[in-house]
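Colleague: I have a structure here, written as structure tokens, and I will follow up with some questions on it.
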Amino acid sequence: FILNEMAGLSKDTPRPTEIKLHKQSRLLDIAFSDGKAFQFTCEFLRVHSPSAEVSGHSHGQEVLQTGKKMVNILKIEPVGNYAIQLNFTDGHNTGLYSWDLLYRYGLNQEEMWQNYLQRLEAAGASREP
């Protein structure tokens, strides 16, 4: 219970039942205890990293990530019973992906991706490395 409180999880947050990395296609599949399943590209998870380096220290301080189209996940490390840490091929490995964060990402993935693409375009930046 204390762990859940610290991690910002409610007891109602679905837990992953399976996490599977497909290195060839650079996809991460996550199935949750409520039956929902999401598929994320490694690029999506990298550009939406919850680390301070990417998301900033407060709203509006996000740092636009560019050139991450080919990024992959090297290693997935469990953090307690509430999160995973992803080690990416570009050396990025800070930021904890909690179960509730991953679940929220899954539910809002399409909107988040479109916002990212719009921000890239507005900045004249590219997904290409």
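By order of appearance in the structure tokens: chains A, B, ..., then residues from 1 within every chain, and ligands from 1 in the order shown.
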Just asking: which residues within range 11-99 of chain A are strand (DSSP E) according to DSSP, as a tab-separated table (two decimals) with N, CA and C atoms, in the first residue's frame?

Modeller:
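So out05.tsv came out as:
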```tsv
chain	number	residue	atom	x	y	z
A	16	PRO	N	0.22	-4.53	-15.48
A	16	PRO	CA	0.58	-5.30	-16.67
A	16	PRO	C	0.58	-6.80	-16.35
A	17	THR	N	0.07	-7.58	-17.27
A	17	THR	CA	0.13	-9.03	-17.14
A	17	THR	C	1.20	-9.58	-18.08
A	18	GLU	N	1.55	-8.78	-19.11
A	18	GLU	CA	2.62	-9.19	-20.02
A	18	GLU	C	3.24	-7.95	-20.65
A	19	ILE	N	4.56	-7.96	-20.71
A	19	ILE	CA	5.30	-6.90	-21.39
A	19	ILE	C	6.25	-7.61	-22.35
A	20	LYS	N	6.10	-7.32	-23.64
A	20	LYS	CA	6.90	-8.04	-24.63
A	20	LYS	C	7.52	-7.06	-25.62
A	21	LEU	N	8.86	-7.13	-25.70
A	21	LEU	CA	9.60	-6.27	-26.63
A	21	LEU	C	9.87	-7.03	-27.92
A	22	HIS	N	9.54	-6.38	-29.04
A	22	HIS	CA	9.84	-6.93	-30.37
A	22	HIS	C	10.96	-6.06	-30.95
A	27	LEU	N	8.85	-2.52	-31.35
A	27	LEU	CA	7.53	-2.37	-30.72
A	27	LEU	C	7.53	-2.99	-29.34
A	28	LEU	N	6.78	-2.38	-28.44
A	28	LEU	CA	6.61	-2.91	-27.10
A	28	LEU	C	5.12	-3.15	-26.87
A	29	ASP	N	4.76	-4.41	-26.60
A	29	ASP	CA	3.38	-4.78	-26.31
A	29	ASP	C	3.19	-4.86	-24.81
A	30	ILE	N	2.11	-4.28	-24.32
A	30	ILE	CA	1.80	-4.38	-22.89
A	30	ILE	C	0.33	-4.75	-22.74
A	31	ALA	N	0.09	-5.88	-22.07
A	31	ALA	CA	-1.27	-6.32	-21.76
A	31	ALA	C	-1.54	-6.03	-20.29
A	32	PHE	N	-2.72	-5.51	-20.00
A	32	PHE	CA	-3.07	-5.15	-18.63
A	32	PHE	C	-4.12	-6.08	-18.05
A	37	ALA	N	-4.95	-4.01	-24.01
A	37	ALA	CA	-3.58	-4.22	-24.45
A	37	ALA	C	-3.20	-3.08	-25.37
A	38	PHE	N	-1.96	-2.64	-25.26
A	38	PHE	CA	-1.47	-1.53	-26.06
A	38	PHE	C	-0.16	-1.91	-26.73
A	39	GLN	N	0.06	-1.34	-27.90
A	39	GLN	CA	1.33	-1.53	-28.59
A	39	GLN	C	1.94	-0.15	-28.80
A	40	PHE	N	3.18	0.00	-28.34
A	40	PHE	CA	3.89	1.27	-28.47
A	40	PHE	C	5.11	1.09	-29.35
A	41	THR	N	5.40	2.10	-30.17
A	41	THR	CA	6.68	2.07	-30.86
A	41	THR	C	7.73	2.52	-29.84
A	73	ILE	N	14.76	-0.18	-27.91
A	73	ILE	CA	14.96	-0.42	-26.48
A	73	ILE	C	15.97	-1.55	-26.34
A	74	LEU	N	17.03	-1.29	-25.59
A	74	LEU	CA	18.06	-2.30	-25.36
A	74	LEU	C	17.67	-3.23	-24.23
A	75	LYS	N	17.10	-2.62	-23.17
A	75	LYS	CA	16.86	-3.39	-21.95
A	75	LYS	C	15.67	-2.78	-21.20
A	76	ILE	N	14.88	-3.66	-20.58
A	76	ILE	CA	13.75	-3.23	-19.74
A	76	ILE	C	14.06	-3.70	-18.32
A	77	GLU	N	14.10	-2.76	-17.40
A	77	GLU	CA	14.39	-3.12	-16.01
A	77	GLU	C	13.18	-2.84	-15.13
A	78	PRO	N	12.74	-3.84	-14.34
A	78	PRO	CA	11.63	-3.60	-13.42
A	78	PRO	C	12.07	-2.69	-12.28
A	79	VAL	N	11.17	-1.85	-11.83
A	79	VAL	CA	11.41	-0.98	-10.68
A	79	VAL	C	10.31	-1.27	-9.68
A	83	ALA	N	6.69	0.00	-11.78
A	83	ALA	CA	7.21	0.69	-12.97
A	83	ALA	C	8.28	-0.14	-13.67
A	84	ILE	N	8.66	0.35	-14.86
A	84	ILE	CA	9.82	-0.18	-15.57
A	84	ILE	C	10.70	1.00	-15.98
A	85	GLN	N	11.98	0.71	-16.13
A	85	GLN	CA	12.92	1.68	-16.65
A	85	GLN	C	13.38	1.14	-18.00
A	86	LEU	N	13.33	1.99	-19.02
A	86	LEU	CA	13.71	1.57	-20.36
A	86	LEU	C	15.08	2.13	-20.72
A	87	ASN	N	15.94	1.27	-21.21
A	87	ASN	CA	17.26	1.68	-21.68
A	87	ASN	C	17.22	1.69	-23.21
A	88	PHE	N	17.36	2.89	-23.79
A	88	PHE	CA	17.24	3.07	-25.23
A	88	PHE	C	18.61	3.04	-25.92
A	96	LEU	N	11.01	6.91	-15.13
A	96	LEU	CA	10.33	5.67	-14.77
A	96	LEU	C	8.95	5.63	-15.40
A	97	TYR	N	8.69	4.55	-16.10
A	97	TYR	CA	7.39	4.35	-16.74
A	97	TYR	C	6.52	3.54	-15.78
A	98	SER	N	5.72	4.24	-14.98
A	98	SER	CA	4.86	3.56	-14.01
A	98	SER	C	3.69	2.91	-14.74
```

Colleague: Would you list the contacts of range 63-71 of chain A as a list in words, taking every protein, DNA or RNA residue within 7 Å and counting only C-alpha atoms, but skipping same-chain residues closer than 4 positions in sequence?

Modeller: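 Using only C-alpha atoms, the neighbours found are Cys42, Glu43, Val47, Val54, Ser55, Gly56, Phe88, Thr89, Asp90, Ala125, Ser126, Arg127, Glu128 and Pro129 of chain A.
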
Colleague: Just all heavy atoms for this one: save the residues we selected as an mmCIF file, in the first residue's frame.

Modeller:
```cif
data_model
loop_
_atom_site.group_PDB
_atom_site.id
_atom_site.type_symbol
_atom_site.label_atom_id
_atom_site.label_comp_id
_atom_site.auth_asym_id
_atom_site.auth_seq_id
_atom_site.Cartn_x
_atom_site.Cartn_y
_atom_site.Cartn_z
ATOM 1 N N CYS A 42 8.943 2.063 -30.028
ATOM 2 C CA CYS A 42 10.025 2.500 -29.146
ATOM 3 C C CYS A 42 10.202 4.019 -29.276
ATOM 4 O O CYS A 42 10.479 4.708 -28.297
ATOM 5 C CB CYS A 42 11.320 1.770 -29.481
ATOM 6 S SG CYS A 42 11.243 -0.001 -29.113
ATOM 7 N N GLU A 43 10.002 4.521 -30.491
ATOM 8 C CA GLU A 43 10.108 5.962 -30.726
ATOM 9 C C GLU A 43 9.095 6.720 -29.871
ATOM 10 O O GLU A 43 9.429 7.729 -29.244
ATOM 11 C CB GLU A 43 9.879 6.277 -32.210
ATOM 12 C CG GLU A 43 9.957 7.759 -32.534
ATOM 13 C CD GLU A 43 9.572 8.089 -33.979
ATOM 14 O OE1 GLU A 43 9.007 7.221 -34.679
ATOM 15 O OE2 GLU A 43 9.843 9.223 -34.400
ATOM 16 N N VAL A 47 10.236 9.513 -27.136
ATOM 17 C CA VAL A 47 9.929 10.946 -27.244
ATOM 18 C C VAL A 47 8.959 11.409 -26.166
ATOM 19 O O VAL A 47 8.857 12.601 -25.896
ATOM 20 C CB VAL A 47 9.426 11.360 -28.654
ATOM 21 C CG1 VAL A 47 10.458 10.989 -29.717
ATOM 22 C CG2 VAL A 47 8.068 10.782 -28.972
ATOM 23 N N VAL A 54 13.337 15.198 -20.652
ATOM 24 C CA VAL A 54 12.407 15.286 -21.782
ATOM 25 C C VAL A 54 11.150 16.073 -21.413
ATOM 26 O O VAL A 54 10.735 16.972 -22.126
ATOM 27 C CB VAL A 54 12.003 13.868 -22.272
ATOM 28 C CG1 VAL A 54 10.925 13.942 -23.341
ATOM 29 C CG2 VAL A 54 13.225 13.132 -22.799
ATOM 30 N N SER A 55 10.535 15.733 -20.284
ATOM 31 C CA SER A 55 9.254 16.343 -19.927
ATOM 32 C C SER A 55 9.410 17.669 -19.188
ATOM 33 O O SER A 55 8.426 18.358 -18.951
ATOM 34 C CB SER A 55 8.411 15.360 -19.113
ATOM 35 O OG SER A 55 9.083 14.994 -17.928
ATOM 36 N N GLY A 56 10.633 18.030 -18.823
ATOM 37 C CA GLY A 56 10.841 19.284 -18.106
ATOM 38 C C GLY A 56 10.469 19.130 -16.648
ATOM 39 O O GLY A 56 10.028 18.073 -16.207
ATOM 40 N N PHE A 88 17.359 2.891 -23.785
ATOM 41 C CA PHE A 88 17.243 3.070 -25.230
ATOM 42 C C PHE A 88 18.608 3.038 -25.916
ATOM 43 O O PHE A 88 19.632 3.319 -25.301
ATOM 44 C CB PHE A 88 16.550 4.412 -25.533
ATOM 45 C CG PHE A 88 15.103 4.447 -25.126
ATOM 46 C CD1 PHE A 88 14.734 4.941 -23.884
ATOM 47 C CD2 PHE A 88 14.100 4.000 -25.977
ATOM 48 C CE1 PHE A 88 13.404 4.983 -23.494
ATOM 49 C CE2 PHE A 88 12.770 4.039 -25.600
ATOM 50 C CZ PHE A 88 12.417 4.529 -24.361
ATOM 51 N N THR A 89 18.587 2.751 -27.216
ATOM 52 C CA THR A 89 19.824 2.645 -27.989
ATOM 53 C C THR A 89 20.553 3.980 -28.136
ATOM 54 O O THR A 89 21.723 3.994 -28.490
ATOM 55 C CB THR A 89 19.558 2.058 -29.391
ATOM 56 O OG1 THR A 89 18.507 2.815 -30.022
ATOM 57 C CG2 THR A 89 19.154 0.591 -29.311
ATOM 58 N N ASP A 90 19.876 5.097 -27.865
ATOM 59 C CA ASP A 90 20.553 6.402 -27.955
ATOM 60 C C ASP A 90 21.177 6.810 -26.621
ATOM 61 O O ASP A 90 21.638 7.927 -26.459
ATOM 62 C CB ASP A 90 19.599 7.490 -28.460
ATOM 63 C CG ASP A 90 18.466 7.793 -27.485
ATOM 64 O OD1 ASP A 90 18.316 7.079 -26.468
ATOM 65 O OD2 ASP A 90 17.726 8.764 -27.740
ATOM 66 N N ALA A 125 11.474 20.408 -37.493
ATOM 67 C CA ALA A 125 12.359 19.308 -37.098
ATOM 68 C C ALA A 125 11.889 18.004 -37.739
ATOM 69 O O ALA A 125 10.824 17.942 -38.341
ATOM 70 C CB ALA A 125 12.369 19.175 -35.581
ATOM 71 N N SER A 126 12.692 16.952 -37.562
ATOM 72 C CA SER A 126 12.412 15.678 -38.208
ATOM 73 C C SER A 126 12.520 14.505 -37.241
ATOM 74 O O SER A 126 13.252 14.562 -36.256
ATOM 75 C CB SER A 126 13.408 15.478 -39.350
ATOM 76 O OG SER A 126 13.291 14.176 -39.889
ATOM 77 N N ARG A 127 11.784 13.444 -37.580
ATOM 78 C CA ARG A 127 11.891 12.185 -36.844
ATOM 79 C C ARG A 127 13.127 11.417 -37.284
ATOM 80 O O ARG A 127 13.603 10.535 -36.582
ATOM 81 C CB ARG A 127 10.667 11.304 -37.122
ATOM 82 C CG ARG A 127 9.368 11.881 -36.596
ATOM 83 C CD ARG A 127 8.170 11.043 -37.051
ATOM 84 N NE ARG A 127 8.352 9.639 -36.729
ATOM 85 C CZ ARG A 127 7.859 8.636 -37.471
ATOM 86 N NH1 ARG A 127 7.172 8.875 -38.563
ATOM 87 N NH2 ARG A 127 8.071 7.374 -37.124
ATOM 88 N N GLU A 128 13.633 11.727 -38.480
ATOM 89 C CA GLU A 128 14.786 11.003 -39.023
ATOM 90 C C GLU A 128 16.045 11.311 -38.220
ATOM 91 O O GLU A 128 16.257 12.449 -37.820
ATOM 92 C CB GLU A 128 15.017 11.411 -40.489
ATOM 93 C CG GLU A 128 13.870 11.062 -41.418
ATOM 94 C CD GLU A 128 13.596 9.577 -41.541
ATOM 95 O OE1 GLU A 128 14.539 8.774 -41.402
ATOM 96 O OE2 GLU A 128 12.433 9.217 -41.788
ATOM 97 N N PRO A 129 16.888 10.276 -38.004
ATOM 98 C CA PRO A 129 18.137 10.505 -37.254
ATOM 99 C C PRO A 129 19.100 11.393 -38.014
ATOM 100 O O PRO A 129 19.044 11.519 -39.206
ATOM 101 C CB PRO A 129 18.717 9.108 -37.080
ATOM 102 C CG PRO A 129 17.788 8.136 -37.700
ATOM 103 C CD PRO A 129 16.670 8.887 -38.349
#
```

Colleague: Chain A: which residues are helix (DSSP H, G or I) by DSSP, as number ranges by chain?

Modeller: A: 2-7, 42-47, 52-55, 99-123
